[in-house]
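Shown below: work-v1.cif, with mmCIF, C-alpha atoms and all ligand atoms.
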data_run
loop_
_atom_site.label_atom_id
_atom_site.label_comp_id
_atom_site.auth_asym_id
_atom_site.auth_seq_id
_atom_site.Cartn_x
_atom_site.Cartn_y
_atom_site.Cartn_z
CA MET A 1 19.48 96.35 -144.58
CA ARG A 2 16.42 94.08 -144.31
CA THR A 3 16.49 91.74 -141.29
CA TYR A 4 15.01 88.24 -141.43
CA LEU A 5 14.12 86.15 -138.41
CA VAL A 6 14.19 82.53 -139.57
CA THR A 7 12.93 79.91 -137.12
CA GLY A 8 14.14 76.31 -137.48
CA GLY A 9 16.97 77.40 -139.77
CA ALA A 10 19.18 74.51 -138.67
CA GLY A 11 16.74 71.94 -140.05
CA PHE A 12 16.40 70.61 -143.57
CA ILE A 13 14.35 73.26 -145.40
CA GLY A 14 15.41 76.13 -143.13
CA SER A 15 19.12 75.59 -143.82
CA ASN A 16 18.53 75.27 -147.57
CA TYR A 17 16.48 78.48 -147.43
CA ILE A 18 19.29 80.33 -145.61
CA HIS A 19 21.81 79.17 -148.23
CA TYR A 20 19.44 80.22 -151.02
CA MET A 21 18.88 83.66 -149.50
CA PHE A 22 22.58 84.42 -149.03
CA LYS A 23 23.25 83.23 -152.57
CA LYS A 24 20.53 85.53 -153.86
CA TYR A 25 20.91 88.63 -151.68
CA GLY A 26 24.53 88.38 -150.43
CA ASP A 27 25.39 91.13 -147.94
CA SER A 28 22.24 93.15 -148.56
CA ILE A 29 20.20 91.20 -145.96
CA ARG A 30 20.77 90.03 -142.40
CA ILE A 31 19.50 86.65 -141.18
CA ILE A 32 18.89 85.76 -137.54
CA ASN A 33 18.40 82.02 -137.20
CA VAL A 34 16.47 80.96 -134.09
CA ASP A 35 16.59 77.24 -133.43
CA VAL A 36 16.54 75.14 -130.27
CA LEU A 37 18.50 72.34 -132.01
CA THR A 38 16.32 69.28 -131.49
CA TYR A 39 17.50 65.98 -132.97
CA ALA A 40 16.55 67.46 -136.38
CA GLY A 41 18.52 70.69 -136.01
CA ASN A 42 22.16 70.58 -137.01
CA LEU A 43 24.56 73.52 -137.16
CA GLU A 44 26.77 71.51 -139.51
CA ASN A 45 24.13 72.34 -142.16
CA LEU A 46 25.18 75.99 -141.88
CA LYS A 47 28.98 75.69 -141.72
CA ASP A 48 29.31 77.68 -144.98
CA VAL A 49 27.53 80.73 -143.60
CA GLU A 50 28.35 80.73 -139.89
CA ASN A 51 31.18 83.26 -140.19
CA ARG A 52 29.27 85.80 -142.22
CA ASP A 53 28.88 89.23 -140.56
CA ASN A 54 25.24 89.30 -141.63
CA TYR A 55 24.32 85.94 -140.01
CA ILE A 56 23.42 85.46 -136.34
CA PHE A 57 22.50 82.19 -134.64
CA ILE A 58 20.41 82.25 -131.47
CA LYS A 59 19.68 79.04 -129.63
CA ALA A 60 16.14 79.47 -128.34
CA ASP A 61 12.87 77.60 -128.09
CA ILE A 62 9.94 79.12 -129.98
CA THR A 63 7.65 78.21 -127.08
CA ASP A 64 9.74 80.40 -124.76
CA LYS A 65 7.82 83.72 -124.77
CA ASP A 66 10.52 85.72 -122.98
CA ALA A 67 13.32 84.55 -125.24
CA ILE A 68 11.34 85.23 -128.43
CA SER A 69 10.07 88.67 -127.29
CA LYS A 70 13.61 89.62 -126.36
CA ILE A 71 14.79 88.85 -129.90
CA PHE A 72 12.08 91.13 -131.33
CA GLU A 73 13.05 93.85 -128.84
CA THR A 74 16.76 93.57 -129.64
CA TYR A 75 16.51 93.50 -133.42
CA ASP A 76 14.28 95.43 -135.81
CA ILE A 77 12.86 92.40 -137.63
CA ASP A 78 11.35 93.01 -141.09
CA ARG A 79 10.54 89.47 -142.16
CA VAL A 80 9.71 86.35 -140.19
CA VAL A 81 9.99 83.02 -141.98
CA HIS A 82 8.61 80.43 -139.61
CA PHE A 83 9.90 76.89 -140.32
CA ALA A 84 10.46 75.58 -136.79
CA ALA A 85 8.30 72.55 -136.13
CA GLU A 86 8.30 68.90 -135.25
CA SER A 87 8.04 67.55 -138.78
CA HIS A 88 8.03 63.75 -138.88
CA VAL A 89 4.67 61.93 -139.16
CA ASP A 90 5.93 58.63 -137.66
CA ARG A 91 7.26 60.41 -134.57
CA SER A 92 3.93 62.23 -134.19
CA ILE A 93 2.12 58.88 -134.13
CA LYS A 94 4.34 57.68 -131.28
CA ASN A 95 4.58 60.94 -129.34
CA PRO A 96 1.93 63.51 -130.32
CA GLU A 97 2.22 65.95 -127.42
CA VAL A 98 5.46 67.63 -128.42
CA PHE A 99 3.88 68.30 -131.84
CA VAL A 100 1.07 70.28 -130.21
CA GLN A 101 3.56 72.06 -127.99
CA THR A 102 5.98 73.13 -130.71
CA ASN A 103 3.73 73.46 -133.74
CA VAL A 104 0.67 75.05 -132.16
CA LEU A 105 1.95 76.79 -129.05
CA GLY A 106 5.25 77.75 -130.69
CA THR A 107 3.40 79.37 -133.59
CA ALA A 108 1.18 81.27 -131.13
CA VAL A 109 4.28 82.63 -129.40
CA MET A 110 5.82 83.66 -132.74
CA LEU A 111 2.61 85.42 -133.82
CA ASN A 112 2.16 87.22 -130.49
CA SER A 113 5.75 88.39 -130.31
CA ALA A 114 5.76 89.66 -133.91
CA LYS A 115 2.40 91.38 -133.41
CA ALA A 116 3.60 93.10 -130.23
CA ALA A 117 6.78 94.30 -131.94
CA TRP A 118 5.11 95.49 -135.16
CA GLU A 119 1.77 96.90 -133.97
CA LEU A 120 1.23 100.69 -133.89
CA PRO A 121 -0.96 102.50 -131.33
CA ASP A 122 -3.72 102.94 -133.97
CA GLY A 123 -3.94 99.15 -134.48
CA GLY A 124 -2.04 99.29 -137.79
CA TYR A 125 1.45 97.92 -138.32
CA LYS A 126 4.87 99.38 -138.98
CA PRO A 127 5.40 99.52 -142.76
CA ASP A 128 6.77 96.63 -144.78
CA LYS A 129 6.67 93.94 -142.06
CA ARG A 130 5.72 90.42 -143.08
CA PHE A 131 5.35 87.03 -141.44
CA LEU A 132 5.42 83.85 -143.53
CA HIS A 133 4.17 80.63 -141.99
CA VAL A 134 5.62 77.56 -143.68
CA SER A 135 3.06 74.78 -143.77
CA THR A 136 2.29 71.53 -145.51
CA ASP A 137 -0.09 69.93 -148.00
CA GLU A 138 -0.87 67.29 -145.34
CA VAL A 139 -3.42 69.65 -143.75
CA TYR A 140 -5.73 68.91 -146.69
CA GLY A 141 -5.88 65.19 -145.87
CA SER A 142 -5.70 62.43 -148.45
CA LEU A 143 -6.85 62.19 -152.08
CA THR A 144 -8.41 59.07 -153.56
CA ASN A 145 -8.72 59.77 -157.29
CA ASP A 146 -5.86 60.47 -159.70
CA ASP A 147 -7.55 63.57 -161.13
CA GLU A 148 -8.02 65.30 -157.75
CA TYR A 149 -5.71 68.02 -156.47
CA PHE A 150 -5.29 70.18 -153.37
CA TYR A 151 -6.24 73.83 -153.99
CA GLU A 152 -6.02 76.70 -151.50
CA THR A 153 -9.81 76.33 -151.13
CA THR A 154 -9.72 72.59 -150.32
CA PRO A 155 -11.19 72.07 -146.83
CA TYR A 156 -8.76 71.04 -144.12
CA ALA A 157 -8.96 67.35 -143.17
CA PRO A 158 -5.73 66.38 -141.36
CA HIS A 159 -5.28 62.78 -140.21
CA SER A 160 -2.02 62.43 -138.31
CA PRO A 161 -1.11 64.25 -135.10
CA TYR A 162 1.58 66.02 -137.18
CA SER A 163 -0.84 67.31 -139.80
CA ALA A 164 -3.46 68.14 -137.17
CA SER A 165 -0.91 70.25 -135.29
CA LYS A 166 0.15 72.00 -138.52
CA ALA A 167 -3.53 72.61 -139.34
CA GLY A 168 -3.93 74.11 -135.85
CA SER A 169 -0.98 76.41 -136.46
CA ASP A 170 -2.35 77.47 -139.87
CA MET A 171 -5.71 78.27 -138.23
CA LEU A 172 -3.98 80.48 -135.68
CA VAL A 173 -2.22 82.40 -138.46
CA LYS A 174 -5.55 82.77 -140.29
CA ALA A 175 -7.15 83.99 -137.04
CA TYR A 176 -4.44 86.64 -136.60
CA MET A 177 -4.90 87.80 -140.18
CA ASP A 178 -8.72 87.94 -139.85
CA THR A 179 -8.89 89.41 -136.36
CA TYR A 180 -5.90 91.73 -136.22
CA LYS A 181 -5.14 92.23 -139.94
CA PHE A 182 -1.74 90.82 -139.01
CA PRO A 183 0.54 91.03 -142.10
CA ALA A 184 1.09 87.37 -142.92
CA ASN A 185 1.00 84.67 -145.58
CA ILE A 186 0.73 80.90 -145.38
CA THR A 187 2.39 78.51 -147.81
CA ASN A 188 1.36 74.86 -148.03
CA CYS A 189 4.02 72.81 -149.73
CA SER A 190 4.33 69.21 -150.88
CA ASN A 191 7.15 66.76 -149.99
CA ASN A 192 10.63 68.25 -150.29
CA TYR A 193 13.85 66.42 -151.05
CA GLY A 194 17.48 67.51 -151.38
CA PRO A 195 20.66 68.02 -149.32
CA TYR A 196 20.66 68.13 -145.50
CA GLN A 197 17.45 66.13 -145.02
CA PHE A 198 17.45 64.04 -141.85
CA PRO A 199 17.47 60.31 -142.75
CA GLU A 200 14.21 59.52 -140.97
CA LYS A 201 12.43 60.72 -144.14
CA LEU A 202 11.90 58.46 -147.14
CA ILE A 203 14.52 59.66 -149.64
CA PRO A 204 17.63 60.11 -147.42
CA LEU A 205 16.70 57.00 -145.43
CA MET A 206 16.58 54.89 -148.60
CA ILE A 207 19.81 56.38 -149.98
CA ASN A 208 21.62 55.74 -146.71
CA ASN A 209 20.27 52.20 -146.35
CA CYS A 210 21.31 51.38 -149.93
CA LEU A 211 24.83 52.64 -149.26
CA GLN A 212 24.94 50.62 -146.03
CA GLY A 213 23.50 47.49 -147.68
CA LYS A 214 20.53 47.56 -145.30
CA ASN A 215 16.92 46.61 -146.04
CA LEU A 216 14.67 49.24 -147.61
CA PRO A 217 11.51 49.29 -145.46
CA VAL A 218 8.44 50.02 -147.62
CA TYR A 219 5.24 50.75 -145.69
CA GLY A 220 2.13 48.84 -146.79
CA ASP A 221 1.92 48.16 -150.53
CA GLY A 222 4.35 50.96 -151.47
CA LYS A 223 1.74 52.60 -153.68
CA ASN A 224 1.09 55.72 -151.60
CA VAL A 225 1.69 58.80 -153.71
CA ARG A 226 3.64 61.92 -152.75
CA ASP A 227 4.31 65.04 -154.85
CA TRP A 228 8.07 65.68 -154.68
CA LEU A 229 9.70 69.11 -154.95
CA TYR A 230 13.41 69.95 -154.93
CA VAL A 231 14.07 71.96 -151.76
CA GLU A 232 15.70 74.93 -153.53
CA ASP A 233 12.53 75.42 -155.56
CA HIS A 234 10.62 75.62 -152.26
CA ALA A 235 13.09 78.19 -150.89
CA LYS A 236 12.63 80.30 -154.01
CA ALA A 237 8.83 80.08 -153.75
CA ILE A 238 8.89 81.24 -150.12
CA ASP A 239 10.96 84.28 -151.04
CA MET A 240 8.71 85.09 -154.00
CA VAL A 241 5.54 84.81 -151.90
CA GLN A 242 7.01 87.07 -149.26
CA GLU A 243 8.06 89.72 -151.77
CA GLN A 244 5.34 89.46 -154.42
CA GLY A 245 2.42 87.65 -152.82
CA ARG A 246 -0.75 89.40 -151.74
CA LEU A 247 -0.88 89.80 -147.96
CA PHE A 248 -3.31 87.52 -146.07
CA GLU A 249 -3.26 84.94 -148.88
CA THR A 250 -2.39 81.26 -148.82
CA TYR A 251 -0.27 79.83 -151.65
CA ASN A 252 0.07 76.14 -152.42
CA ILE A 253 3.53 75.06 -153.58
CA GLY A 254 4.13 71.80 -155.44
CA GLY A 255 6.04 70.28 -158.28
CA HIS A 256 3.36 68.33 -160.20
CA ASN A 257 5.69 65.43 -159.65
CA GLU A 258 3.59 62.67 -158.16
CA LYS A 259 5.21 59.32 -157.62
CA GLN A 260 4.42 56.15 -155.73
CA ASN A 261 6.90 55.38 -152.93
CA ILE A 262 7.99 52.19 -154.65
CA GLU A 263 8.81 54.16 -157.83
CA ILE A 264 10.99 56.51 -155.79
CA ILE A 265 12.84 53.58 -154.23
CA ASN A 266 13.43 51.97 -157.63
CA ILE A 267 14.73 55.28 -159.02
CA ILE A 268 17.12 55.60 -156.06
CA ILE A 269 18.47 52.09 -156.65
CA GLU A 270 18.89 52.68 -160.39
CA THR A 271 20.48 56.11 -159.95
CA LEU A 272 22.93 54.88 -157.33
CA ARG A 273 23.95 52.02 -159.62
CA GLU A 274 24.43 54.52 -162.43
CA ILE A 275 26.52 56.94 -160.37
CA LEU A 276 28.76 54.57 -158.39
CA PRO A 277 31.77 53.20 -160.30
CA ASP A 278 32.03 49.41 -160.71
CA SER A 279 35.08 49.49 -158.45
CA ASP A 280 32.96 50.71 -155.50
CA PRO A 281 32.35 47.68 -153.26
CA ARG A 282 28.92 49.04 -152.19
CA LYS A 283 27.56 48.75 -155.72
CA ALA A 284 27.17 44.97 -155.73
CA HIS A 285 24.64 44.89 -152.92
CA ILE A 286 22.51 47.81 -154.17
CA THR A 287 19.75 45.80 -155.84
CA LYS A 288 15.99 45.43 -155.62
CA ASP A 289 16.56 42.48 -153.25
CA LEU A 290 16.97 45.05 -150.47
CA ILE A 291 13.30 46.08 -150.80
CA THR A 292 11.33 44.82 -147.79
CA TYR A 293 7.62 45.38 -147.31
CA VAL A 294 6.84 46.21 -143.67
CA GLU A 295 3.77 47.02 -141.59
CA ASP A 296 1.91 50.08 -142.87
CA ARG A 297 2.01 53.48 -141.15
CA LYS A 298 -1.12 53.97 -138.97
CA GLY A 299 -3.67 56.20 -140.78
CA HIS A 300 -1.33 56.36 -143.81
CA ASP A 301 -2.55 59.05 -146.25
CA ARG A 302 -2.88 57.55 -149.72
CA ARG A 303 -2.14 60.40 -152.06
CA TYR A 304 -1.06 64.05 -151.94
CA ALA A 305 -1.02 66.26 -155.02
CA ILE A 306 -0.77 70.04 -155.06
CA ALA A 307 -2.30 72.31 -157.70
CA PRO A 308 0.24 75.16 -157.84
CA ASP A 309 -2.00 77.20 -160.18
CA LYS A 310 -2.37 80.26 -157.95
CA ILE A 311 1.33 80.80 -157.22
CA GLY A 312 2.05 80.28 -160.92
CA ALA A 313 -0.61 82.72 -162.14
CA GLU A 314 -0.13 85.45 -159.53
CA ILE A 315 3.58 85.32 -158.85
CA GLY A 316 5.07 83.47 -161.79
CA TRP A 317 6.71 80.74 -159.69
CA LYS A 318 7.17 77.30 -161.17
CA PRO A 319 9.42 74.39 -160.21
CA GLU A 320 12.76 74.55 -162.03
CA THR A 321 14.45 71.30 -161.03
CA MET A 322 13.04 68.27 -162.77
CA PHE A 323 12.96 65.14 -160.60
CA LYS A 324 15.43 63.24 -162.78
CA GLU A 325 18.00 65.97 -162.27
CA GLY A 326 17.08 66.74 -158.62
CA ILE A 327 17.35 63.15 -157.45
CA LYS A 328 20.79 62.83 -159.09
CA LEU A 329 21.99 66.03 -157.37
CA THR A 330 20.59 64.75 -154.09
CA ILE A 331 22.14 61.29 -154.31
CA LYS A 332 25.51 62.77 -155.30
CA TRP A 333 25.30 65.12 -152.31
CA TYR A 334 24.75 62.24 -149.89
CA ILE A 335 27.57 60.22 -151.45
CA GLU A 336 29.90 63.20 -151.09
CA HIS A 337 28.80 63.94 -147.51
CA GLU A 338 29.42 60.58 -145.88
CA GLU A 339 30.77 62.30 -142.75
CA TRP A 340 27.56 64.35 -142.38
CA MET A 341 25.50 61.16 -142.61
CA LYS A 342 27.78 59.38 -140.14
CA ASN A 343 27.36 62.22 -137.62
CA VAL A 344 23.57 62.41 -137.85
CA THR A 345 23.09 58.64 -137.70
CA SER A 346 25.22 58.04 -134.63
CA GLY A 347 23.75 57.78 -131.12
CA ASP A 348 20.05 58.57 -130.85
CA TYR A 349 19.32 57.78 -134.49
CA GLN A 350 20.30 54.13 -133.99
CA LYS A 351 17.89 53.88 -131.06
CA TYR A 352 15.11 55.55 -133.10
CA TYR A 353 15.79 53.26 -136.06
CA SER A 354 15.74 50.02 -134.13
CA GLU A 355 12.58 50.99 -132.23
CA MET A 356 10.84 52.18 -135.40
CA TYR A 357 11.85 49.35 -137.73
CA LYS A 358 12.62 46.59 -135.23
CA ASP A 359 15.42 45.71 -137.62
P1 LIG A 401 13.12 69.58 -139.81
O1 LIG A 401 12.52 68.63 -138.85
O2 LIG A 401 14.23 69.15 -140.69
O3 LIG A 401 13.63 70.88 -139.04
C1 LIG A 401 12.90 71.48 -138.01
C2 LIG A 401 13.81 72.50 -137.32
O4 LIG A 401 13.05 73.16 -136.29
C3 LIG A 401 15.02 71.86 -136.62
O5 LIG A 401 16.17 72.61 -136.88
C4 LIG A 401 14.66 71.92 -135.15
O6 LIG A 401 15.77 72.00 -134.29
C5 LIG A 401 13.80 73.18 -135.10
N1 LIG A 401 12.88 73.18 -133.96
C6 LIG A 401 12.03 72.18 -133.58
N2 LIG A 401 11.38 72.53 -132.46
C7 LIG A 401 11.79 73.79 -132.14
C8 LIG A 401 11.47 74.69 -131.11
N3 LIG A 401 10.59 74.37 -130.15
N4 LIG A 401 12.08 75.90 -131.07
C9 LIG A 401 13.00 76.23 -132.03
N5 LIG A 401 13.35 75.41 -133.04
C10 LIG A 401 12.75 74.20 -133.09
O7 LIG A 401 11.89 70.12 -140.67
P2 LIG A 401 11.82 70.47 -142.22
O8 LIG A 401 11.57 69.25 -142.99
O9 LIG A 401 12.96 71.36 -142.56
O10 LIG A 401 10.46 71.33 -142.22
C11 LIG A 401 10.47 72.73 -141.94
C12 LIG A 401 9.05 73.26 -141.99
O11 LIG A 401 8.48 73.01 -143.26
C13 LIG A 401 8.11 72.60 -140.99
O12 LIG A 401 7.25 73.58 -140.48
C14 LIG A 401 7.33 71.58 -141.81
O13 LIG A 401 6.05 71.38 -141.28
C15 LIG A 401 7.27 72.29 -143.15
N6 LIG A 401 7.18 71.43 -144.34
C16 LIG A 401 8.07 70.40 -144.54
C17 LIG A 401 8.01 69.64 -145.71
C18 LIG A 401 9.00 68.53 -145.98
O14 LIG A 401 8.84 67.81 -146.97
N7 LIG A 401 10.02 68.32 -145.18
C19 LIG A 401 7.05 69.94 -146.67
C20 LIG A 401 6.14 70.98 -146.44
C21 LIG A 401 6.24 71.74 -145.28
O1 LIG A 402 3.76 66.41 -147.71
C1 LIG A 402 4.61 67.22 -146.96
C2 LIG A 402 5.15 66.46 -145.79
O2 LIG A 402 6.09 65.53 -146.31
C3 LIG A 402 5.79 67.34 -144.73
O3 LIG A 402 4.83 68.17 -144.17
C4 LIG A 402 6.43 66.48 -143.63
O4 LIG A 402 7.13 67.30 -142.72
C5 LIG A 402 7.42 65.53 -144.28
O5 LIG A 402 7.96 64.68 -143.31
C6 LIG A 402 6.73 64.71 -145.37
O6 LIG A 402 5.77 63.78 -144.80
P1 LIG A 402 5.60 62.29 -145.36
O7 LIG A 402 5.01 61.48 -144.29
O8 LIG A 402 4.95 62.30 -146.69
O9 LIG A 402 7.17 61.94 -145.61
P2 LIG A 402 8.05 60.65 -145.26
O10 LIG A 402 9.36 60.87 -145.90
O11 LIG A 402 8.01 60.31 -143.83
O12 LIG A 402 7.28 59.50 -146.05
C7 LIG A 402 7.05 59.58 -147.45
C8 LIG A 402 6.29 58.35 -147.86
O13 LIG A 402 7.14 57.21 -147.75
C9 LIG A 402 5.08 58.06 -147.00
O14 LIG A 402 4.04 57.52 -147.81
C10 LIG A 402 5.57 56.98 -146.03
C11 LIG A 402 6.59 56.23 -146.86
N1 LIG A 402 7.72 55.63 -146.10
C12 LIG A 402 8.45 56.46 -145.29
C13 LIG A 402 9.51 55.96 -144.56
C14 LIG A 402 10.29 56.86 -143.64
C15 LIG A 402 8.06 54.30 -146.25
O15 LIG A 402 7.41 53.55 -147.03
N2 LIG A 402 9.12 53.80 -145.55
C16 LIG A 402 9.84 54.58 -144.69
O16 LIG A 402 10.78 54.05 -144.04
#
Would you kindly transcribe this structure into structure tokens?
Amino acid sequence: MRTYLVTGGAGFIGSNYIHYMFKKYGDSIRIINVDVLTYAGNLENLKDVENRDNYIFIKADITDKDAISKIFETYDIDRVVHFAAESHVDRSIKNPEVFVQTNVLGTAVMLNSAKAAWELPDGGYKPDKRFLHVSTDEVYGSLTNDDEYFYETTPYAPHSPYSASKAGSDMLVKAYMDTYKFPANITNCSNNYGPYQFPEKLIPLMINNCLQGKNLPVYGDGKNVRDWLYVEDHAKAIDMVQEQGRLFETYNIGGHNEKQNIEIINIIIETLREILPDSDPRKAHITKDLITYVEDRKGHDRRYAIAPDKIGAEIGWKPETMFKEGIKLTIKWYIEHEEWMKNVTSGDYQKYYSEMYKD
């Protein structure tokens, strides 16, 4: 039975990945989820799998060398899928240090522990061991022209403390591959959306605010472009890269689905109005009047757009969920999981929201 060590599995993409993997492989794999449960980690995201015999949760910090080495000593890990990170750009602007700590130092600890567990006396590695580092398109910086795209060869030019720390972590993985021939891959993905996303990010924040009748805070002119991918398509790509990708390679993952933020917000309003029955009292206040332009994000990247040519040509991956369908699935999920939203927006979230939006 192949054993996966997933870091950050209680977060948005990690939990969707774990669901995807159990759906695909059932009892033929074992997943060990290592997560320290920051504000973004939520075991409620994994309720459906927590009683499986082939699922283990370990609460540990990826910067804790002893804890991580012990996991590698206790279990014969075949695959590492490294999601754990501080992931929100706005938080990185306010408090950069924890991003360096978790994203850079945490990745160094993961690499060192895996290397120590997998390395053979001759400098080679035990057979069929692989480490996948989950990264972001933000490391490539910002595009200005509509016909430009991020390729795997695009030079790194991160702007925010978040993207700089992810770039640092990518560089460490590259250094381990170059120096030690460490068996790894890097994936750089565009913006994900879907179930279980913490409502500090654009799409769940806007859905929640619409349902609550609260203002929809649009940064700057609302014309910044992001390339949106349904999270399950990302999970599938990660698995395909790990099983079919060439070792030591980077693969860009994206949906060719570029939209301005204001377009996304208008689609959310329209889709909510379409889905909610007329009898739902929330429907009346879900209109474009909620849109409120606010101060721009500092250093706000203008446009991201991934060219997923390499992963398509080499591995045959392509996005399967069209945005029209994905956004409907996502909105329905949030409507049906009111309790989940209530739980994640109580307490600290209210403090974060009022400090961030001064609302
Ligand atoms: P998230 O913020 O929802 O989840 C992060 C998870 O990591 C949480 O469960 C948190 O508890 C855990 N974590 C944080 N610090 C930790 C530590 N020190 N030790 C152990 N666990 C820790 O993030 P996400 O949106 O699911 O992103 C996952 C990964 O994918 C990140 O590496 C991010 O950079 C990358 N990524 C995200 C997107 C996106 O659109 N969300 C796109 C491309 C790449
Ligand atoms: O591109 C991949 C990245 O996508 C990931 O690496 C990050 O982890 C993830 O958080 C995401 O970063 P963004 O900064 O692009 O996502 P966010 O949802 O924070 O913002 C999307 C866009 O919406 C961005 O242009 C800022 C804007 N925005 C965001 C919020 C939260 C608003 O206009 N208003 C808001 O309230």
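Distance check against A:Ile306 using all atoms listed in the file: of A:Asn209, A:Thr153, A:Asn51, A:Ser69, the minimum falls on A:Thr153.
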### Task
Kindly give the distance, in Å, that separates atom CA of A:Ser169 and atom C12 of ligand LIG 402 (chain A), rounded to a single decimal.
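Those two atoms sit 23.8 Å apart.
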### Task
Could you please extract the residues within 7 Å of ligand LIG 401 (chain A), counting only C-alpha atoms and all ligand atoms, and hand them back as a ChimeraX atom specification?
/A:7-14,34-42,60-63,83-88,102,106,134-137,166,188-193,197-198
I'd like the box whose edges run along x, y and z of the file and which contains every listed atom of ligand LIG 402 (chain A), padded by 5 Å per side; could you state its centre and edge lengths in Å, one decimal, as JSON?
{"center_x": 7.3, "center_y": 60.9, "center_z": -145.3, "size_x": 17.0, "size_y": 24.6, "size_z": 15.1}
Write out as an mmCIF file with C-alpha atoms, in the coordinates of the input the residues lying within 8 Å of A:Tyr230, counting only C-alpha atoms and excluding same-chain residues fewer than 2 positions away.
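New file part_2.cif:
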data_model
loop_
_atom_site.group_PDB
_atom_site.id
_atom_site.type_symbol
_atom_site.label_atom_id
_atom_site.label_comp_id
_atom_site.auth_asym_id
_atom_site.auth_seq_id
_atom_site.Cartn_x
_atom_site.Cartn_y
_atom_site.Cartn_z
ATOM 1 C CA ASN A 192 10.630 68.250 -150.290
ATOM 2 C CA TYR A 193 13.850 66.420 -151.050
ATOM 3 C CA GLY A 194 17.480 67.510 -151.380
ATOM 4 C CA TRP A 228 8.070 65.680 -154.680
ATOM 5 C CA GLU A 232 15.700 74.930 -153.530
ATOM 6 C CA ASP A 233 12.530 75.420 -155.560
ATOM 7 C CA HIS A 234 10.620 75.620 -152.260
ATOM 8 C CA PRO A 319 9.420 74.390 -160.210
ATOM 9 C CA THR A 321 14.450 71.300 -161.030
ATOM 10 C CA PHE A 323 12.960 65.140 -160.600
ATOM 11 C CA GLY A 326 17.080 66.740 -158.620
#
### Query
What separation in Å, quoted to one decimal, exists between atom CA of A:Lys181 and atom CA of A:Val100?
24.8 Å
### Task
Please identify all polymer residues within 12 Å of stretch 286-290 of chain A, counting all atoms listed in the file, omitting same-chain residues fewer than 3 positions from it, and present them as a PyMOL selection string.
chain A and resi 206-218+262-263+265-276+278+280-283+293
Would you export the selected residues with C-alpha atoms as a short mmCIF file (atom, residue, chain, number, x, y, z; two decimals), in the frame of the given file, please?
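Saved result, out-v8.cif, follows:
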data_model
loop_
_atom_site.label_atom_id
_atom_site.label_comp_id
_atom_site.auth_asym_id
_atom_site.auth_seq_id
_atom_site.Cartn_x
_atom_site.Cartn_y
_atom_site.Cartn_z
CA MET A 206 16.58 54.89 -148.60
CA ILE A 207 19.81 56.38 -149.98
CA ASN A 208 21.62 55.74 -146.71
CA ASN A 209 20.27 52.20 -146.35
CA CYS A 210 21.31 51.38 -149.93
CA LEU A 211 24.83 52.64 -149.26
CA GLN A 212 24.94 50.62 -146.03
CA GLY A 213 23.50 47.49 -147.68
CA LYS A 214 20.53 47.56 -145.30
CA ASN A 215 16.92 46.61 -146.04
CA LEU A 216 14.67 49.24 -147.61
CA PRO A 217 11.51 49.29 -145.46
CA VAL A 218 8.44 50.02 -147.62
CA ILE A 262 7.99 52.19 -154.65
CA GLU A 263 8.81 54.16 -157.83
CA ILE A 265 12.84 53.58 -154.23
CA ASN A 266 13.43 51.97 -157.63
CA ILE A 267 14.73 55.28 -159.02
CA ILE A 268 17.12 55.60 -156.06
CA ILE A 269 18.47 52.09 -156.65
CA GLU A 270 18.89 52.68 -160.39
CA THR A 271 20.48 56.11 -159.95
CA LEU A 272 22.93 54.88 -157.33
CA ARG A 273 23.95 52.02 -159.62
CA GLU A 274 24.43 54.52 -162.43
CA ILE A 275 26.52 56.94 -160.37
CA LEU A 276 28.76 54.57 -158.39
CA ASP A 278 32.03 49.41 -160.71
CA ASP A 280 32.96 50.71 -155.50
CA PRO A 281 32.35 47.68 -153.26
CA ARG A 282 28.92 49.04 -152.19
CA LYS A 283 27.56 48.75 -155.72
CA TYR A 293 7.62 45.38 -147.31
#
### Message
(-8.5, 82.2, -141.1) in this file's frame - what residues fall within 12 Å of it? Use only C-alpha atoms and give the answer as a list in words.
### Response
Thr153, Pro155, Tyr156, Ala167, Gly168, Ser169, Asp170, Met171, Leu172, Val173, Lys174, Ala175, Tyr176, Met177, Asp178, Thr179, Tyr180, Lys181, Phe182, Ala184, Asn185, Ile186, Phe248, Glu249 and Thr250 of chain A
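You can rank A:Ile71, A:Asn16, A:Trp333, A:Ser165 by their closest distance to A:Glu97 using only C-alpha atoms, and at the top of that list sits A:Ser165.
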### Residue with smallest distance to ligand LIG 402 (chain A) - pool A:Lys310, A:Arg302, A:His256, A:His337, counting only C-alpha atoms and all ligand atoms
A:Arg302
So that I can check the surroundings of A:Val6, please list as a compact mmCIF listing (two decimals) with C-alpha atoms, in the frame of the given file every protein, DNA and RNA residue that reaches within 6 Å of it, counting all atoms listed in the file and ignoring chain neighbours fewer than 2 positions away.
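Written file, result.txt:
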# COMPACT_ATOMS: atom_id res chain seq x y z
CA GLY A 9 16.97 77.40 -139.77
CA ASN A 33 18.40 82.02 -137.20
CA VAL A 80 9.71 86.35 -140.19
CA VAL A 81 9.99 83.02 -141.98
CA HIS A 82 8.61 80.43 -139.61
#### Entry: Shortest interatomic distance to ligand LIG 402 (chain A) - which of A:Glu258, A:Asp78, A:Asp309, A:Asp90, counting all atoms listed in the file
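Selected residue with least distance to ligand LIG 402 (chain A): A:Asp90.
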### Message
Given only C-alpha atoms and all ligand atoms as the basis, pick out the residue of A:Met341, A:Ala237, A:Leu202, A:Ala157 nearest to ligand LIG 402 (chain A).
### Response
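Distance minimum relative to ligand LIG 402 (chain A) lands on A:Leu202.
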### Query
Please, what distance in Å, to one decimal, runs between atom CA of A:Pro96 and atom CA of A:Lys298?
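Between atom CA of A:Pro96 and atom CA of A:Lys298 the gap works out to 13.2 Å.
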